file upload24.pdb (PDB, C-alpha atoms (C1' of nucleotides))
ATOM      1  CA  MET A   6      17.832  10.346  18.591
ATOM      2  CA  HIS A   7      17.938   9.615  14.906
ATOM      3  CA  GLY A   8      14.831   8.417  13.191
ATOM      4  CA  ASN A   9      11.665   6.994  14.568
ATOM      5  CA  PRO A  10      12.218   3.403  15.721
ATOM      6  CA  ASN A  11       8.515   2.719  15.434
ATOM      7  CA  LEU A  12       8.383   3.753  11.823
ATOM      8  CA  LYS A  13       7.729   0.825   9.539
ATOM      9  CA  ARG A  14       9.068   1.143   6.069
ATOM     10  CA  ALA A  15       7.856  -2.174   4.759
ATOM     11  CA  GLY A  16       7.914  -2.588   1.044
ATOM     12  CA  THR A  17       4.429  -2.909  -0.350
ATOM     13  CA  THR A  18       5.677  -3.854  -3.753
ATOM     14  CA  GLY A  19       8.736  -5.627  -2.467
ATOM     15  CA  LEU A  20      10.803  -3.212  -4.477
ATOM     16  CA  ILE A  21      10.035   0.265  -3.291
ATOM     17  CA  MET A  22      10.151   1.057   0.402
ATOM     18  CA  VAL A  23       7.472   3.562   1.178
ATOM     19  CA  ALA A  24       6.235   5.113   4.375
ATOM     20  CA  TYR A  25       2.958   6.922   4.847
ATOM     21  CA  TRP A  26       2.058  10.231   6.421
ATOM     22  CA  LEU A  27      -0.761  12.644   6.958
ATOM     23  CA  MET A  28      -0.291  16.397   6.655
ATOM     24  CA  LYS A  29      -2.850  18.954   7.738
ATOM     25  CA  SER A  30      -3.540  22.173   5.954
ATOM     26  CA  GLU A  31      -6.336  24.646   6.377
ATOM     27  CA  PRO A  32      -8.000  24.916   2.981
ATOM     28  CA  HIS A  33      -8.538  28.631   3.532
ATOM     29  CA  VAL A  34      -4.786  28.959   3.769
ATOM     30  CA  TYR A  35      -3.431  26.311   1.420
ATOM     31  CA  PRO A  36      -5.882  23.885  -0.200
ATOM     32  CA  TYR A  37      -4.945  20.765  -2.126
ATOM     33  CA  GLU A  38      -5.998  22.562  -5.301
ATOM     34  CA  GLN A  39      -3.205  25.040  -4.697
ATOM     35  CA  LEU A  40      -0.699  22.209  -4.438
ATOM     36  CA  VAL A  41      -1.921  20.999  -7.821
ATOM     37  CA  ALA A  42      -1.594  24.502  -9.236
ATOM     38  CA  ASP A  43       1.892  24.921  -7.774
ATOM     39  CA  GLY A  44       3.182  21.519  -8.866
ATOM     40  CA  SER A  45       4.994  21.202  -5.549
ATOM     41  CA  THR A  46       5.418  23.202  -2.389
ATOM     42  CA  HIS A  47       7.679  23.516   0.619
ATOM     43  CA  TRP A  48       5.887  22.688   3.834
ATOM     44  CA  ASP A  49       6.931  25.734   5.791
ATOM     45  CA  GLY A  50       5.710  27.043   9.114
ATOM     46  CA  VAL A  51       5.671  23.852  11.155
ATOM     47  CA  ARG A  52       6.741  24.912  14.643
ATOM     48  CA  ASN A  53       6.313  21.721  16.579
ATOM     49  CA  TYR A  54       9.305  19.607  17.529
ATOM     50  CA  GLN A  55       7.668  16.231  16.976
ATOM     51  CA  ALA A  56       6.562  17.227  13.509
ATOM     52  CA  ARG A  57       9.931  18.778  12.789
ATOM     53  CA  ASN A  58      11.756  15.639  13.816
ATOM     54  CA  MET A  59       9.686  13.518  11.467
ATOM     55  CA  MET A  60      10.328  15.871   8.578
ATOM     56  CA  ARG A  61      14.019  16.014   9.440
ATOM     57  CA  ASP A  62      14.618  12.322  10.097
ATOM     58  CA  ASP A  63      11.881  10.101   8.770
ATOM     59  CA  MET A  64      10.197  11.457   5.674
ATOM     60  CA  LYS A  65      11.819  10.121   2.535
ATOM     61  CA  GLU A  66      11.423  10.936  -1.113
ATOM     62  CA  GLY A  67       8.533   8.966  -2.545
ATOM     63  CA  ASP A  68       6.715   8.572   0.744
ATOM     64  CA  LEU A  69       2.972   8.956   0.339
ATOM     65  CA  VAL A  70       0.933  11.586   2.129
ATOM     66  CA  LEU A  71      -2.734  11.945   2.948
ATOM     67  CA  PHE A  72      -3.419  15.632   2.378
ATOM     68  CA  TYR A  73      -5.890  16.624   5.069
ATOM     69  CA  HIS A  74      -8.029  19.736   5.224
ATOM     70  CA  SER A  75      -8.459  20.850   8.832
ATOM     71  CA  ASN A  76     -10.608  23.679  10.173
ATOM     72  CA  PHE A  77     -13.201  23.028   7.529
ATOM     73  CA  LYS A  78     -16.714  21.613   7.553
ATOM     74  CA  PRO A  79     -16.381  18.767   7.297
ATOM     75  CA  PRO A  80     -12.692  18.171   7.948
ATOM     76  CA  HIS A  81     -11.499  15.669   5.350
ATOM     77  CA  VAL A  82      -8.768  14.024   3.327
ATOM     78  CA  ALA A  83      -8.673  15.867   0.021
ATOM     79  CA  GLY A  84      -5.956  14.135  -1.923
ATOM     80  CA  ILE A  85      -2.769  12.149  -2.053
ATOM     81  CA  ALA A  86       0.656  13.739  -2.220
ATOM     82  CA  ARG A  87       4.202  12.465  -2.117
ATOM     83  CA  VAL A  88       7.413  13.690  -0.600
ATOM     84  CA  CYS A  89       9.582  15.111  -3.389
ATOM     85  CA  LYS A  90      12.355  16.701  -1.316
ATOM     86  CA  GLU A  91      13.653  15.481   2.014
ATOM     87  CA  GLY A  92      14.178  17.543   5.150
ATOM     88  CA  TYR A  93      15.998  20.842   4.911
ATOM     89  CA  PRO A  94      15.943  24.103   6.872
ATOM     90  CA  ASP A  95      12.698  26.053   6.907
ATOM     91  CA  PHE A  96      14.071  29.329   5.661
ATOM     92  CA  THR A  97      10.964  31.252   6.698
ATOM     93  CA  ALA A  98      12.210  30.938  10.283
ATOM     94  CA  GLN A  99      15.134  33.213   9.369
ATOM     95  CA  ASP A 100      13.064  35.732   7.443
ATOM     96  CA  PRO A 101      12.104  38.680   9.678
ATOM     97  CA  ASN A 102       9.318  39.507   7.269
ATOM     98  CA  SER A 103       7.758  36.069   7.517
ATOM     99  CA  LYS A 104       4.961  35.372   9.932
ATOM    100  CA  TYR A 105       6.884  32.200  10.753
ATOM    101  CA  PHE A 106      10.000  34.143  11.777
ATOM    102  CA  ASP A 107      11.808  32.717  14.800
ATOM    103  CA  SER A 108      14.564  34.868  16.281
ATOM    104  CA  LYS A 109      16.309  31.755  17.593
ATOM    105  CA  ALA A 110      16.786  30.300  14.123
ATOM    106  CA  THR A 111      20.199  30.869  12.556
ATOM    107  CA  PRO A 112      22.071  29.520   9.532
ATOM    108  CA  GLU A 113      24.177  27.430  11.914
ATOM    109  CA  ASN A 114      21.124  26.210  13.807
ATOM    110  CA  PRO A 115      18.060  26.626  11.601
ATOM    111  CA  ARG A 116      15.900  25.097  14.330
ATOM    112  CA  TRP A 117      12.973  24.315  12.022
ATOM    113  CA  MET A 118      12.864  21.965   9.070
ATOM    114  CA  MET A 119      10.552  21.260   6.184
ATOM    115  CA  VAL A 120      10.059  18.901   3.271
ATOM    116  CA  ASP A 121       8.650  19.476  -0.187
ATOM    117  CA  ILE A 122       5.595  17.621  -1.392
ATOM    118  CA  ALA A 123       3.970  17.240  -4.784
ATOM    119  CA  PRO A 124       0.420  16.289  -5.717
ATOM    120  CA  VAL A 125      -0.278  12.710  -6.754
ATOM    121  CA  MET A 126      -4.037  12.516  -7.031
ATOM    122  CA  GLN A 127      -6.989  14.581  -5.951
ATOM    123  CA  LEU A 128      -9.796  12.465  -4.532
ATOM    124  CA  GLU A 129     -12.936  12.576  -6.626
ATOM    125  CA  GLN A 130     -14.866  12.501  -3.413
ATOM    126  CA  ILE A 131     -13.338  13.804  -0.213
ATOM    127  CA  ILE A 132     -13.121  11.434   2.723
ATOM    128  CA  PRO A 133     -14.651  13.161   5.774
ATOM    129  CA  LEU A 134     -13.082  12.734   9.170
ATOM    130  CA  GLU A 135     -16.311  11.232  10.433
ATOM    131  CA  ASP A 136     -16.187   8.462   7.832
ATOM    132  CA  ILE A 137     -12.633   7.656   8.868
ATOM    133  CA  ARG A 138     -13.682   7.599  12.499
ATOM    134  CA  ASN A 139     -16.556   5.266  11.669
ATOM    135  CA  ASN A 140     -14.446   2.876   9.623
ATOM    136  CA  PRO A 141     -13.342  -0.071  11.810
ATOM    137  CA  GLU A 142     -10.358  -0.522   9.493
ATOM    138  CA  CYS A 143      -9.096   2.860  10.650
ATOM    139  CA  GLU A 144      -9.174   1.970  14.312
ATOM    140  CA  GLY A 145      -6.053   3.203  16.074
ATOM    141  CA  MET A 146      -5.261   5.876  13.525
ATOM    142  CA  LEU A 147      -3.563   8.871  15.133
ATOM    143  CA  LEU A 148      -5.865  11.258  13.319
ATOM    144  CA  ILE A 149      -8.871  10.081  15.291
ATOM    145  CA  ARG A 150      -7.148   9.848  18.638
ATOM    146  CA  LYS A 151      -8.604  12.232  21.206
ATOM    147  CA  GLY A 152      -6.508  15.311  21.720
ATOM    148  CA  GLN A 153      -4.243  14.492  18.805
ATOM    149  CA  ARG A 154      -3.305  17.618  16.899
ATOM    150  CA  LEU A 155       0.041  16.983  15.238
ATOM    151  CA  SER A 156       0.020  18.638  11.838
ATOM    152  CA  VAL A 157       2.419  16.044  10.442
ATOM    153  CA  GLN A 158       1.829  12.507  11.567
ATOM    154  CA  PRO A 159       2.791   8.971  10.552
ATOM    155  CA  VAL A 160       0.115   6.706   9.088
ATOM    156  CA  GLU A 161       0.290   2.944   9.230
ATOM    157  CA  GLU A 162       0.140   1.193   5.897
ATOM    158  CA  GLU A 163      -3.084  -0.621   6.726
ATOM    159  CA  HIS A 164      -4.710   2.698   7.595
ATOM    160  CA  PHE A 165      -3.436   4.387   4.473
ATOM    161  CA  LEU A 166      -4.794   1.540   2.396
ATOM    162  CA  ALA A 167      -8.111   1.679   4.233
ATOM    163  CA  VAL A 168      -8.504   5.364   3.403
ATOM    164  CA  MET A 169      -7.550   4.600  -0.189
ATOM    165  CA  ARG A 170     -10.236   1.942  -0.352
ATOM    166  CA  MET A 171     -12.765   4.440   0.970
ATOM    167  CA  ALA A 172     -11.870   6.534  -2.066
ATOM    168  CA  ASN A 173     -12.173   3.472  -4.321
ATOM    169  CA  LEU A 174      -8.461   3.593  -4.989
ATOM    170  CA  SER A 175      -5.577   1.184  -4.671
ATOM    171  CA  LEU A 176      -1.847   1.839  -4.644
ATOM    172  CA  SER A 177      -1.608   0.934  -8.311
ATOM    173  CA  ASP A 178      -3.862   3.874  -9.129
ATOM    174  CA  LEU A 179      -1.187   6.220  -7.851
ATOM    175  CA  SER A 180       1.582   5.321 -10.247
TER     176      SER A 180
ATOM    177  C1'  DG B  77     -17.964  30.881  19.215
ATOM    178  C1'  DC B  78     -16.710  27.372  22.592
ATOM    179  C1'  DC B  79     -13.527  24.780  24.808
ATOM    180  C1'  DA B  80     -10.638  20.458  25.649
ATOM    181  C1'  DA B  81      -6.226  19.085  24.897
ATOM    182  C1'  DC B  82      -1.783  20.015  24.365
ATOM    183  C1'  DG B  83       2.878  22.422  23.888
ATOM    184  C1'  DT B  84       5.738  26.208  25.325
ATOM    185  C1'  DT B  85       7.385  29.742  28.311
ATOM    186  C1'  DG B  86       9.332  31.642  32.209
ATOM    187  C1'  DG B  87       9.413  32.583  37.230
ATOM    188  C1'  DC B  88      10.968  30.438  41.107
TER     189       DC B  88
ATOM    190  C1'  DG C 120      13.180  20.815  37.583
ATOM    191  C1'  DC C 121       8.486  22.127  38.732
ATOM    192  C1'  DC C 122       4.369  24.004  37.309
ATOM    193  C1'  DA C 123       1.092  27.956  36.488
ATOM    194  C1'  DA C 124      -0.033  30.782  32.886
ATOM    195  C1'  DC C 125      -0.606  31.330  28.359
ATOM    196  C1'  DG C 126      -1.191  30.513  23.339
ATOM    197  C1'  DT C 127      -2.589  27.367  19.721
ATOM    198  C1'  DT C 128      -5.019  23.664  17.481
ATOM    199  C1'  DG C 129      -8.971  22.074  15.562
ATOM    200  C1'  DG C 130     -13.326  19.508  16.135
ATOM    201  C1'  DC C 131     -17.792  20.517  17.325
TER     202       DC C 131
END

call {"tool": "encode", "arguments": {"input": "upload24.pdb", "output": "structure tokens"}}
result
Amino acid sequence: MHGNPNLKRAGTTGLIMVAYWLMKSEPHVYPYEQLVADGSTHWDGVRNYQARNMMRDDMKEGDLVLFYHSNFKPPHVAGIARVCKEGYPDFTAQDPNSKYFDSKATPENPRWMMVDIAPVMQLEQIIPLEDIRNNPECEGMLLIRKGQRLSVQPVEEEHFLAVMRMANLSLSDLS
DNA sequence: GCCAACGTTGGC
DNA sequence: GCCAACGTTGGC
């Protein structure tokens, strides 16, 4: 039960092993601009076991993240982020004053986990969901699978690179 | 605002 | 362990 056996962590540069993710945020709640203003943030409030498991087991420091704005017209990728702190307990689950409070979460069994992310680059032009859906290079991407609603999801390298190309970016632009 | 898809809960 | 009911997600 440890780690995702399907997760590829192939080294793009041959030196640094990076995996890719997509994280959804509602811009009315927490937009990419806020991540830039904050410098980094803890990704609290995820209450889905699949997403939790990925944050707990699979997301590593330096992994790259497509920061996605959901519940917005149009829904879109707004920027690139990176994981800057690996999985640790989501303390909001143990805070009775938090809207994410979960009475089953304890210090011994925190139940929910989170990672920290930091901004890497805001896209000069957002990439709308529809453009991703219409891009043959993005075929098979979880984001555009019917019924898919995971707020944290793995992204294959070829798909990450395809989205980057849509933004006229390459990996070297991120360093 | 609608609603399909999905995850969780809880009775049995 | 099944599954109906319910709540949430999130595109449209």

call {"tool": "interface_residues", "arguments": {"input": "upload24.pdb", "of": "chain C", "to": "chain A", "cutoff": "8 Å", "atoms": "all atoms listed in the file", "output": "VMD selection string"}}
result
chain C and resid 128 to 130

call {"tool": "write_last_selection", "arguments": {"input": "upload24.pdb", "atoms": "C-alpha atoms (C1' of nucleotides)", "output": "compact mmCIF listing (two decimals), keeping the file's coordinate frame"}}
result
# COMPACT_ATOMS: atom_id res chain seq x y z
C1' DT C 128 -5.02 23.66 17.48
C1' DG C 129 -8.97 22.07 15.56
C1' DG C 130 -13.33 19.51 16.14

call {"tool": "residues_around", "arguments": {"input": "upload24.pdb", "residues": "DG126 (chain C)", "least_positions_apart": "4", "cutoff": "12 Å", "atoms": "all atoms listed in the file", "output": "list in words"}}
result
DC82, DG83, DT84 and DT85 of chain B

call {"tool": "atom_distance", "arguments": {"input": "upload24.pdb", "atom1": "CA of Val34 (chain A)", "atom2": "CA of Pro112 (chain A)"}}
result
27.5 Å

call {"tool": "resolve_selection", "arguments": {"input": "upload24.pdb", "expression": "the PyMOL selection byres ((chain A and resi 86) around 8)", "output": "list in words"}}
result
Leu69, Val70, Leu71, Phe72, Gly84, Ile85, Arg87, Val88, Ile122, Ala123, Pro124, Val125 and Met126 of chain A

call {"tool": "write_last_selection", "arguments": {"input": "upload24.pdb", "atoms": "C-alpha atoms", "output": "PDB file, in the frame of the given file"}}
result
ATOM      1  CA  LEU A  69       2.972   8.956   0.339  1.00  0.00           C
ATOM      2  CA  VAL A  70       0.933  11.586   2.129  1.00  0.00           C
ATOM      3  CA  LEU A  71      -2.734  11.945   2.948  1.00  0.00           C
ATOM      4  CA  PHE A  72      -3.419  15.632   2.378  1.00  0.00           C
ATOM      5  CA  GLY A  84      -5.956  14.135  -1.923  1.00  0.00           C
ATOM      6  CA  ILE A  85      -2.769  12.149  -2.053  1.00  0.00           C
ATOM      7  CA  ARG A  87       4.202  12.465  -2.117  1.00  0.00           C
ATOM      8  CA  VAL A  88       7.413  13.690  -0.600  1.00  0.00           C
ATOM      9  CA  ILE A 122       5.595  17.621  -1.392  1.00  0.00           C
ATOM     10  CA  ALA A 123       3.970  17.240  -4.784  1.00  0.00           C
ATOM     11  CA  PRO A 124       0.420  16.289  -5.717  1.00  0.00           C
ATOM     12  CA  VAL A 125      -0.278  12.710  -6.754  1.00  0.00           C
ATOM     13  CA  MET A 126      -4.037  12.516  -7.031  1.00  0.00           C
TER      14      MET A 126
END

call {"tool": "closest_residue", "arguments": {"input": "upload24.pdb", "among": "A:Asp63, A:His164, A:Met22, A:Gln158", "to": "Arg138 (chain A)", "atoms": "all atoms listed in the file"}}
result
A:His164

call {"tool": "closest_residue", "arguments": {"input": "upload24.pdb", "among": "A:Trp48, A:Tyr73, A:Phe106, A:Tyr54", "to": "Pro32 (chain A)", "atoms": "all atoms listed in the file"}}
result
A:Tyr73
